[in-house]
>>> print(open('upload_30.txt').read())   # compact mmCIF, C-alpha atoms
# COMPACT_ATOMS: atom_id res chain seq x y z
CA MET A 1 -45.18 20.03 -46.60
CA THR A 2 -46.35 17.06 -44.53
CA VAL A 3 -45.30 13.44 -44.23
CA ALA A 4 -47.89 10.71 -43.71
CA SER A 5 -47.14 8.85 -40.49
CA PRO A 6 -43.65 10.27 -39.83
CA LEU A 7 -41.43 7.82 -37.97
CA THR A 8 -38.21 9.78 -37.53
CA TRP A 9 -37.73 13.26 -36.10
CA LEU A 10 -34.09 14.38 -36.17
CA TYR A 11 -32.93 17.18 -33.88
CA ALA A 12 -30.17 19.54 -35.02
CA PRO A 13 -28.72 22.43 -32.99
CA GLY A 14 -29.75 25.79 -34.38
CA ASP A 15 -26.35 27.39 -33.88
CA ARG A 16 -24.66 24.89 -36.23
CA PRO A 17 -26.05 25.52 -39.72
CA TRP A 18 -23.79 22.90 -41.26
CA VAL A 19 -25.31 20.25 -38.97
CA VAL A 20 -28.81 21.42 -39.92
CA ALA A 21 -27.86 21.17 -43.60
CA LYS A 22 -26.76 17.55 -43.13
CA ALA A 23 -29.92 16.75 -41.20
CA LEU A 24 -32.07 18.01 -44.07
CA VAL A 25 -30.61 15.34 -46.39
CA SER A 26 -30.25 12.59 -43.76
CA GLY A 27 -33.46 10.77 -44.66
CA ALA A 28 -35.33 11.92 -41.54
CA ASP A 29 -39.05 12.43 -42.02
CA VAL A 30 -38.95 15.66 -40.01
CA VAL A 31 -36.00 17.83 -39.01
CA VAL A 32 -36.28 19.72 -35.71
CA ILE A 33 -34.04 22.76 -35.41
CA ASP A 34 -33.34 23.19 -31.72
CA LEU A 35 -33.08 26.61 -30.15
CA GLU A 36 -33.43 25.26 -26.62
CA ASP A 37 -31.29 22.74 -24.75
CA SER A 38 -28.55 22.20 -27.35
CA VAL A 39 -27.78 25.91 -27.69
CA ALA A 40 -25.71 27.75 -25.06
CA PRO A 41 -27.11 31.05 -23.71
CA ASP A 42 -24.49 33.15 -25.48
CA ARG A 43 -25.38 31.46 -28.80
CA LYS A 44 -29.16 31.90 -28.62
CA ALA A 45 -29.30 35.06 -30.73
CA TYR A 46 -27.09 33.60 -33.44
CA ALA A 47 -29.09 30.35 -33.54
CA ARG A 48 -32.34 32.27 -33.79
CA ALA A 49 -31.08 34.42 -36.67
CA ALA A 50 -29.57 31.48 -38.56
CA CYS A 51 -32.78 29.49 -38.19
CA ALA A 52 -34.96 32.35 -39.44
CA GLU A 53 -32.69 32.91 -42.44
CA LEU A 54 -32.85 29.25 -43.43
CA LEU A 55 -36.62 29.08 -43.12
CA CYS A 56 -37.17 31.99 -45.48
CA ASP A 57 -36.82 29.35 -48.23
CA PRO A 58 -38.70 26.09 -48.84
CA GLN A 59 -36.99 22.99 -47.45
CA PRO A 60 -36.78 19.40 -48.79
CA VAL A 61 -38.50 17.94 -45.70
CA PRO A 62 -40.82 19.38 -43.06
CA VAL A 63 -38.89 21.50 -40.58
CA HIS A 64 -39.99 22.16 -37.02
CA VAL A 65 -38.34 24.49 -34.55
CA ARG A 66 -38.10 23.77 -30.84
CA VAL A 67 -38.27 27.21 -29.28
CA ASN A 68 -37.31 28.07 -25.75
CA ALA A 69 -40.03 28.04 -23.11
CA LEU A 70 -42.05 31.26 -23.03
CA THR A 71 -41.62 31.39 -19.27
CA GLY A 72 -37.88 31.97 -19.76
CA PRO A 73 -35.85 34.85 -21.19
CA TRP A 74 -35.62 33.65 -24.81
CA GLY A 75 -38.99 32.22 -25.82
CA GLU A 76 -40.66 35.44 -26.96
CA ALA A 77 -37.65 36.40 -29.08
CA ASP A 78 -37.69 32.94 -30.67
CA LEU A 79 -41.32 33.32 -31.69
CA PHE A 80 -40.74 36.83 -33.02
CA ALA A 81 -37.89 35.55 -35.20
CA VAL A 82 -39.23 32.24 -36.51
CA ALA A 83 -42.98 32.98 -36.59
CA PRO A 84 -43.18 36.57 -37.84
CA ALA A 85 -46.24 38.17 -39.39
CA GLY A 86 -46.90 36.29 -42.60
CA GLY A 87 -44.90 33.27 -41.44
CA LEU A 88 -41.85 31.62 -42.99
CA VAL A 89 -42.30 29.30 -45.96
CA GLY A 90 -39.82 26.73 -44.66
CA LEU A 91 -41.44 26.30 -41.25
CA ALA A 92 -43.96 23.46 -40.74
CA GLY A 93 -44.25 23.33 -36.96
CA LEU A 94 -43.24 24.64 -33.57
CA ARG A 95 -42.29 22.33 -30.72
CA LEU A 96 -43.10 23.84 -27.36
CA PRO A 97 -40.98 22.67 -24.40
CA LYS A 98 -42.07 22.34 -20.79
CA VAL A 99 -45.78 22.73 -21.46
CA SER A 100 -47.67 22.37 -18.20
CA SER A 101 -51.12 23.73 -19.03
CA PRO A 102 -53.50 24.42 -21.94
CA ALA A 103 -52.80 28.12 -21.47
CA ASP A 104 -49.20 27.55 -22.63
CA VAL A 105 -50.46 26.22 -25.97
CA VAL A 106 -53.14 28.89 -26.40
CA ARG A 107 -50.60 31.64 -25.76
CA VAL A 108 -48.35 30.43 -28.55
CA ALA A 109 -51.27 29.74 -30.88
CA ARG A 110 -52.56 33.29 -30.56
CA ARG A 111 -49.10 34.69 -31.16
CA ALA A 112 -47.67 32.39 -33.83
CA VAL A 113 -50.42 30.48 -35.61
CA SER A 114 -52.43 33.57 -36.47
CA ALA A 115 -49.29 35.20 -37.86
CA ALA A 116 -48.67 32.19 -40.10
CA GLY A 117 -52.19 32.19 -41.46
CA GLY A 118 -53.28 29.11 -39.50
CA ALA A 119 -51.05 26.62 -41.36
CA LEU A 120 -48.47 26.20 -38.61
CA GLY A 121 -48.70 23.07 -36.44
CA LEU A 122 -47.91 23.10 -32.73
CA TYR A 123 -46.44 20.17 -30.77
CA ALA A 124 -46.42 20.18 -26.98
CA LEU A 125 -43.61 18.56 -24.99
CA LEU A 126 -44.68 17.38 -21.54
CA GLU A 127 -41.65 17.39 -19.27
CA THR A 128 -43.00 17.78 -15.74
CA ALA A 129 -45.34 15.91 -13.44
CA LEU A 130 -47.90 18.71 -13.81
CA GLY A 131 -47.72 18.48 -17.59
CA ILE A 132 -48.35 14.73 -17.48
CA GLU A 133 -51.29 15.20 -15.11
CA ARG A 134 -52.85 17.67 -17.55
CA ALA A 135 -52.02 15.69 -20.69
CA HIS A 136 -55.56 15.50 -22.09
CA ASP A 137 -56.30 19.14 -21.28
CA VAL A 138 -53.15 20.13 -23.14
CA ALA A 139 -53.98 17.82 -26.04
CA THR A 140 -57.33 19.54 -26.55
CA ALA A 141 -56.14 23.09 -25.87
CA HIS A 142 -56.26 24.45 -29.44
CA PRO A 143 -57.07 23.22 -32.99
CA ALA A 144 -53.53 24.07 -34.09
CA LEU A 145 -52.07 21.46 -31.74
CA ARG A 146 -50.99 18.49 -33.87
CA GLY A 147 -49.34 16.32 -31.25
CA ILE A 148 -48.05 15.79 -27.73
CA SER A 149 -45.02 13.87 -26.54
CA ILE A 150 -42.75 13.46 -23.52
CA GLY A 151 -39.42 15.09 -22.81
CA GLU A 152 -38.12 12.15 -20.82
CA GLU A 153 -34.85 13.50 -19.43
CA ASP A 154 -36.53 16.49 -17.82
CA LEU A 155 -39.45 14.38 -16.64
CA ARG A 156 -37.07 11.80 -15.16
CA THR A 157 -35.38 14.55 -13.17
CA ASP A 158 -38.67 16.09 -12.05
CA LEU A 159 -39.99 12.74 -10.81
CA GLY A 160 -36.73 11.50 -9.36
CA VAL A 161 -37.07 8.29 -11.38
CA ARG A 162 -34.01 6.04 -11.46
CA GLU A 163 -35.22 3.05 -13.48
CA ASP A 164 -36.57 3.40 -17.01
CA ALA A 165 -39.71 1.45 -16.15
CA GLY A 166 -40.61 4.24 -13.75
CA LEU A 167 -41.68 6.33 -16.74
CA ASP A 168 -44.04 3.73 -18.22
CA TRP A 169 -47.13 5.08 -16.47
CA SER A 170 -46.41 8.59 -17.79
CA ARG A 171 -45.79 7.21 -21.26
CA SER A 172 -49.08 5.35 -21.31
CA ARG A 173 -50.94 8.38 -20.01
CA VAL A 174 -49.66 10.49 -22.91
CA VAL A 175 -50.52 7.77 -25.46
CA VAL A 176 -54.06 7.60 -24.09
CA ALA A 177 -54.42 11.38 -23.96
CA ALA A 178 -53.32 11.75 -27.57
CA ARG A 179 -55.76 9.11 -28.73
CA ALA A 180 -58.63 10.56 -26.69
CA ALA A 181 -57.97 13.98 -28.24
CA GLY A 182 -57.92 12.57 -31.77
CA LEU A 183 -54.21 13.28 -32.27
CA ALA A 184 -51.63 11.05 -33.89
CA PRO A 185 -49.82 8.59 -31.60
CA PRO A 186 -46.92 10.34 -29.87
CA ALA A 187 -43.33 9.78 -30.92
CA GLN A 188 -40.87 8.45 -28.36
CA SER A 189 -38.36 10.72 -26.71
CA VAL A 190 -34.72 10.59 -27.79
CA HIS A 191 -32.32 7.79 -26.85
CA PRO A 192 -29.35 9.80 -25.54
CA ASP A 193 -26.54 7.31 -26.27
CA ILE A 194 -25.86 7.52 -30.01
CA ARG A 195 -23.51 4.49 -29.90
CA ASP A 196 -25.96 2.20 -28.14
CA LEU A 197 -27.94 1.00 -31.16
CA ASP A 198 -28.91 -2.28 -29.50
CA GLY A 199 -30.33 -0.38 -26.56
CA LEU A 200 -32.14 1.94 -28.97
CA ARG A 201 -33.61 -1.03 -30.80
CA ALA A 202 -34.87 -2.61 -27.58
CA SER A 203 -36.27 0.68 -26.34
CA CYS A 204 -38.12 1.24 -29.62
CA ALA A 205 -39.68 -2.21 -29.35
CA ARG A 206 -40.87 -1.30 -25.87
CA GLY A 207 -42.24 2.01 -27.09
CA ARG A 208 -44.09 0.39 -29.95
CA ALA A 209 -45.68 -2.05 -27.50
CA LEU A 210 -46.89 0.92 -25.42
CA GLY A 211 -48.54 2.59 -28.41
CA PHE A 212 -45.94 5.10 -29.58
CA LEU A 213 -45.32 5.69 -33.28
CA GLY A 214 -41.83 6.70 -34.32
CA ARG A 215 -39.11 8.42 -32.36
CA ALA A 216 -37.01 11.55 -32.06
CA ALA A 217 -33.30 11.15 -32.77
CA ILE A 218 -30.15 13.15 -32.12
CA HIS A 219 -27.88 11.52 -34.74
CA PRO A 220 -28.49 10.23 -38.28
CA ARG A 221 -27.13 6.77 -37.38
CA GLN A 222 -30.19 6.28 -35.17
CA LEU A 223 -32.68 6.83 -38.01
CA PRO A 224 -32.61 3.40 -39.72
CA VAL A 225 -32.87 1.63 -36.35
CA ILE A 226 -35.93 3.66 -35.41
CA GLU A 227 -37.59 3.22 -38.78
CA ARG A 228 -37.02 -0.52 -38.87
CA ALA A 229 -38.33 -0.93 -35.32
CA TYR A 230 -41.58 0.84 -36.14
CA LEU A 231 -42.22 -0.67 -39.54
CA PRO A 232 -44.36 -3.82 -39.65
CA THR A 233 -42.66 -7.13 -40.32
CA GLN A 234 -43.51 -9.14 -43.41
CA GLU A 235 -45.49 -11.53 -41.24
CA GLU A 236 -47.48 -8.64 -39.76
CA ILE A 237 -48.19 -7.31 -43.25
CA GLU A 238 -49.41 -10.67 -44.49
CA ARG A 239 -51.67 -11.12 -41.46
CA ALA A 240 -53.07 -7.63 -41.94
CA GLU A 241 -53.73 -8.26 -45.63
CA THR A 242 -55.61 -11.44 -44.75
CA VAL A 243 -57.78 -9.57 -42.26
CA VAL A 244 -58.61 -6.70 -44.62
CA LYS A 245 -59.38 -9.09 -47.48
CA ALA A 246 -61.70 -11.12 -45.26
CA ALA A 247 -63.48 -7.98 -44.07
CA ALA A 248 -64.02 -6.83 -47.64
CA GLY A 249 -65.69 -10.11 -48.55
CA GLU A 250 -68.03 -10.45 -45.59
CA GLN A 251 -69.50 -7.84 -43.24
CA GLY A 252 -69.59 -8.28 -39.48
CA ALA A 253 -67.53 -10.40 -37.11
CA GLN A 254 -66.08 -13.64 -38.43
CA ALA A 255 -63.46 -16.29 -37.76
CA LEU A 256 -60.56 -16.86 -40.16
CA PRO A 257 -59.43 -20.37 -41.13
CA ASP A 258 -56.41 -20.05 -38.81
CA GLY A 259 -58.71 -19.41 -35.85
CA ARG A 260 -58.30 -15.66 -35.54
CA PHE A 261 -61.46 -13.73 -34.74
CA VAL A 262 -62.03 -10.66 -36.88
CA ASP A 263 -64.22 -7.74 -35.90
CA ALA A 264 -64.18 -3.99 -36.60
CA ALA A 265 -61.38 -3.28 -34.11
CA VAL A 266 -59.16 -5.96 -35.62
CA VAL A 267 -59.78 -4.57 -39.11
CA THR A 268 -58.87 -1.05 -37.97
CA ALA A 269 -55.61 -2.32 -36.51
CA ALA A 270 -54.85 -4.21 -39.72
CA ARG A 271 -55.37 -1.09 -41.80
CA ARG A 272 -52.96 0.80 -39.57
CA VAL A 273 -50.33 -1.84 -40.28
CA LEU A 274 -50.86 -1.57 -44.03
CA SER A 275 -50.71 2.23 -43.92
CA LEU A 276 -47.05 1.88 -42.89
CA ALA A 277 -46.20 -1.00 -45.21
CA HIS A 278 -45.61 1.23 -48.24
CA ARG A 279 -42.43 2.56 -46.60
CA ILE A 280 -40.70 -0.82 -46.79
>>> encode(input="upload_30.txt", output="structure tokens")
Amino acid sequence: MTVASPLTWLYAPGDRPWVVAKALVSGADVVVIDLEDSVAPDRKAYARAACAELLCDPQPVPVHVRVNALTGPWGEADLFAVAPAGGLVGLAGLRLPKVSSPADVVRVARRAVSAAGGALGLYALLETALGIERAHDVATAHPALRGISIGEEDLRTDLGVREDAGLDWSRSRVVVAARAAGLAPPAQSVHPDIRDLDGLRASCARGRALGFLGRAAIHPRQLPVIERAYLPTQEEIERAETVVKAAAGEQGAQALPDGRFVDAAVVTAARRVLSLAHRI
């Protein structure tokens, strides 16, 4: 199962099946079952088993699993459980943390994607300075890679960044790398304060301006804020409709009555706006 232009990706800890069950009916476009940071070491085995059991059955929305890094003690066991030979029908994607090179993606692809018959999508999380530096190489590492994004808390620590603006260069680099590789625009990293909806709204507006599309969330109350922030306004929809209509009636560059100049790039941007408008 896939969702056209997903805007919301809701994380749920793998060792709390009741939280996962609520996430599946929360309205999120994609649910990400987390086996990594939100699960304590002594709960890893239980989370892995519970996740695999759930994914033996089809799910109402696409489900991804964030496995532990393969460089650590749990990553291989995660892959063995959630991406066995023949695959699991409820699993749509694997999110790979702390990716720092194309080899990290290829290693998982050879192990997991072939076992799932090639239908499984991989998503690389860049969380270190080295990962950011190699963003385009990672983005083109394997045909099974569907997207890249930033793990901002880990990256912030790695870089020693104190102010949020200190991550803007890294964010833009990942947006450019995704586009250059022909991938979908990356989703923003999570906003860690689930009560700060105003801050989330402002941060989403900033992310949209930088070229991100959608955002990961850690609580259902964040979902409508994220979706609203990334959906076009009525004014944007009307402007896009005017551009597309004008382009359909006359080929080549032209000026609209309101003074706007329309060329192929403007038309492409307008069509992107309209592709999201159906969600309103």
>>> residues_near_point(input="upload_30.txt", point="(-51.9, 17.6, -22.1)", cutoff="6 Å", atoms="all atoms listed in the file", output="PyMOL selection string")
chain A and resi 134-139
>>> closest_residue(input="upload_30.txt", among="A:Leu159, A:Leu96, A:Ala129, A:Ala141", to="Ala69 in chain A", atoms="all atoms listed in the file")
A:Leu96
>>> axis_aligned_box(input="upload_30.txt", around="range 69-81 of chain A", padding_each_side="5 Å", output="AutoDock Vina command-line options")
--center_x -38.8 --center_y 32.4 --center_z -27.2 --size_x 16.4 --size_y 18.8 --size_z 25.9
>>> atom_distance(input="upload_30.txt", atom1="CA of Pro102 in chain A", atom2="CA of Pro84 in chain A")
22.5 Å
>>> residues_around(input="upload_30.txt", residues="Glu227 in chain A", least_positions_apart="5", cutoff="8 Å", atoms="only C-alpha atoms", output="list in words")
Leu7, Thr8 and Gly214 of chain A
>>> write_last_selection(input="upload_30.txt", atoms="C-alpha atoms", output="compact mmCIF listing (two decimals), keeping the file's coordinate frame")
# COMPACT_ATOMS: atom_id res chain seq x y z
CA LEU A 7 -41.43 7.82 -37.97
CA THR A 8 -38.21 9.78 -37.53
CA GLY A 214 -41.83 6.70 -34.32
>>> atom_distance(input="upload_30.txt", atom1="CA of Ile280 in chain A", atom2="CA of Leu231 in chain A")
7.4 Å
>>> atom_distance(input="upload_30.txt", atom1="CA of Pro62 in chain A", atom2="CA of Thr128 in chain A")
27.5 Å
>>> residues_near_point(input="upload_30.txt", point="(-39.4, 22.7, -40.2)", cutoff="7 Å", atoms="only C-alpha atoms", output="PDB file with C-alpha atoms, keeping the file's coordinate frame")
ATOM      1  CA  VAL A  31     -36.000  17.830 -39.010  1.00  0.00           C
ATOM      2  CA  VAL A  32     -36.280  19.720 -35.710  1.00  0.00           C
ATOM      3  CA  PRO A  62     -40.820  19.380 -43.060  1.00  0.00           C
ATOM      4  CA  VAL A  63     -38.890  21.500 -40.580  1.00  0.00           C
ATOM      5  CA  HIS A  64     -39.990  22.160 -37.020  1.00  0.00           C
ATOM      6  CA  VAL A  65     -38.340  24.490 -34.550  1.00  0.00           C
ATOM      7  CA  GLY A  90     -39.820  26.730 -44.660  1.00  0.00           C
ATOM      8  CA  LEU A  91     -41.440  26.300 -41.250  1.00  0.00           C
ATOM      9  CA  ALA A  92     -43.960  23.460 -40.740  1.00  0.00           C
ATOM     10  CA  GLY A  93     -44.250  23.330 -36.960  1.00  0.00           C
TER      11      GLY A  93
END
>>> residues_around(input="upload_30.txt", residues="Leu145 in chain A", least_positions_apart="3", cutoff="10 Å", atoms="all atoms listed in the file", output="number ranges by chain")
A: 93-95, 105-106, 109, 113, 120-124, 138-142, 148, 183
>>> residues_around(input="upload_30.txt", residues="Leu167 in chain A", least_positions_apart="4", cutoff="8 Å", atoms="all atoms listed in the file", output="ChimeraX atom specification")
/A:152,156,161,163,171
>>> residues_around(input="upload_30.txt", residues="Thr233 in chain A", least_positions_apart="6", cutoff="10 Å", atoms="only C-alpha atoms", output="tab-separated table (two decimals) with C-alpha atoms, in the coordinates of the input")
chain	number	residue	atom	x	y	z
A	239	ARG	CA	-51.67	-11.12	-41.46
A	273	VAL	CA	-50.33	-1.84	-40.28
A	277	ALA	CA	-46.20	-1.00	-45.21
A	280	ILE	CA	-40.70	-0.82	-46.79
>>> closest_residue(input="upload_30.txt", among="A:His219, A:Arg173, A:Lys22, A:Arg16", to="Lys44 in chain A", atoms="only C-alpha atoms")
A:Arg16
>>> residues_around(input="upload_30.txt", residues="Gly207 in chain A", least_positions_apart="5", cutoff="8 Å", atoms="all atoms listed in the file", output="mmCIF file with C-alpha atoms, in the coordinates of the input")
data_model
loop_
_atom_site.group_PDB
_atom_site.id
_atom_site.type_symbol
_atom_site.label_atom_id
_atom_site.label_comp_id
_atom_site.auth_asym_id
_atom_site.auth_seq_id
_atom_site.Cartn_x
_atom_site.Cartn_y
_atom_site.Cartn_z
ATOM 1 C CA GLN A 188 -40.870 8.450 -28.360
ATOM 2 C CA PHE A 212 -45.940 5.100 -29.580
ATOM 3 C CA LEU A 213 -45.320 5.690 -33.280
#
>>> closest_residue(input="upload_30.txt", among="A:Asp104, A:Trp9, A:Ile132, A:Pro97", to="Gln222 in chain A", atoms="all atoms listed in the file")
A:Trp9
>>> decode(input="upload_30.txt", residues="range 139-154 of chain A", atoms="N, CA, C and O atoms", output="mmCIF file, in the first residue's frame")
data_model
loop_
_atom_site.group_PDB
_atom_site.id
_atom_site.type_symbol
_atom_site.label_atom_id
_atom_site.label_comp_id
_atom_site.auth_asym_id
_atom_site.auth_seq_id
_atom_site.Cartn_x
_atom_site.Cartn_y
_atom_site.Cartn_z
ATOM 1 N N ALA A 139 21.746 8.931 -1.515
ATOM 2 C CA ALA A 139 20.464 9.006 -2.215
ATOM 3 C C ALA A 139 20.444 8.208 -3.500
ATOM 4 O O ALA A 139 19.368 7.834 -3.988
ATOM 5 N N THR A 140 21.601 7.938 -4.070
ATOM 6 C CA THR A 140 21.684 7.175 -5.322
ATOM 7 C C THR A 140 22.293 5.795 -5.104
ATOM 8 O O THR A 140 22.723 5.139 -6.058
ATOM 9 N N ALA A 141 22.302 5.314 -3.870
ATOM 10 C CA ALA A 141 23.018 4.080 -3.541
ATOM 11 C C ALA A 141 22.363 2.830 -4.110
ATOM 12 O O ALA A 141 23.050 1.875 -4.472
ATOM 13 N N HIS A 142 21.014 2.812 -4.190
ATOM 14 C CA HIS A 142 20.324 1.579 -4.592
ATOM 15 C C HIS A 142 18.927 1.929 -5.097
ATOM 16 O O HIS A 142 18.288 2.839 -4.553
ATOM 17 N N PRO A 143 18.415 1.217 -6.094
ATOM 18 C CA PRO A 143 17.055 1.514 -6.605
ATOM 19 C C PRO A 143 15.962 1.358 -5.561
ATOM 20 O O PRO A 143 14.890 1.957 -5.702
ATOM 21 N N ALA A 144 16.197 0.571 -4.528
ATOM 22 C CA ALA A 144 15.170 0.380 -3.497
ATOM 23 C C ALA A 144 15.047 1.568 -2.563
ATOM 24 O O ALA A 144 14.081 1.654 -1.794
ATOM 25 N N LEU A 145 16.012 2.489 -2.611
ATOM 26 C CA LEU A 145 15.938 3.657 -1.727
ATOM 27 C C LEU A 145 14.855 4.597 -2.234
ATOM 28 O O LEU A 145 14.907 5.081 -3.361
ATOM 29 N N ARG A 146 13.877 4.874 -1.377
ATOM 30 C CA ARG A 146 12.743 5.729 -1.739
ATOM 31 C C ARG A 146 12.873 7.149 -1.209
ATOM 32 O O ARG A 146 12.183 8.051 -1.679
ATOM 33 N N GLY A 147 13.726 7.350 -0.203
ATOM 34 C CA GLY A 147 13.818 8.692 0.357
ATOM 35 C C GLY A 147 14.965 8.824 1.345
ATOM 36 O O GLY A 147 15.483 7.840 1.873
ATOM 37 N N ILE A 148 15.362 10.074 1.564
ATOM 38 C CA ILE A 148 16.345 10.408 2.597
ATOM 39 C C ILE A 148 15.761 11.516 3.462
ATOM 40 O O ILE A 148 14.918 12.293 3.014
ATOM 41 N N SER A 149 16.201 11.580 4.680
ATOM 42 C CA SER A 149 15.781 12.657 5.581
ATOM 43 C C SER A 149 16.819 12.802 6.685
ATOM 44 O O SER A 149 17.774 12.030 6.758
ATOM 45 N N ILE A 150 16.610 13.799 7.545
ATOM 46 C CA ILE A 150 17.572 14.105 8.604
ATOM 47 C C ILE A 150 17.028 13.644 9.955
ATOM 48 O O ILE A 150 15.838 13.822 10.250
ATOM 49 N N GLY A 151 17.904 13.078 10.758
ATOM 50 C CA GLY A 151 17.614 12.862 12.168
ATOM 51 C C GLY A 151 18.225 14.019 12.925
ATOM 52 O O GLY A 151 19.430 14.013 13.218
ATOM 53 N N GLU A 152 17.426 15.042 13.216
ATOM 54 C CA GLU A 152 18.000 16.318 13.639
ATOM 55 C C GLU A 152 18.600 16.299 15.038
ATOM 56 O O GLU A 152 19.595 16.994 15.289
ATOM 57 N N GLU A 153 18.031 15.544 15.962
ATOM 58 C CA GLU A 153 18.582 15.564 17.323
ATOM 59 C C GLU A 153 19.988 14.987 17.348
ATOM 60 O O GLU A 153 20.898 15.541 17.973
ATOM 61 N N ASP A 154 20.184 13.873 16.653
ATOM 62 C CA ASP A 154 21.522 13.285 16.607
ATOM 63 C C ASP A 154 22.489 14.178 15.838
ATOM 64 O O ASP A 154 23.655 14.326 16.226
#
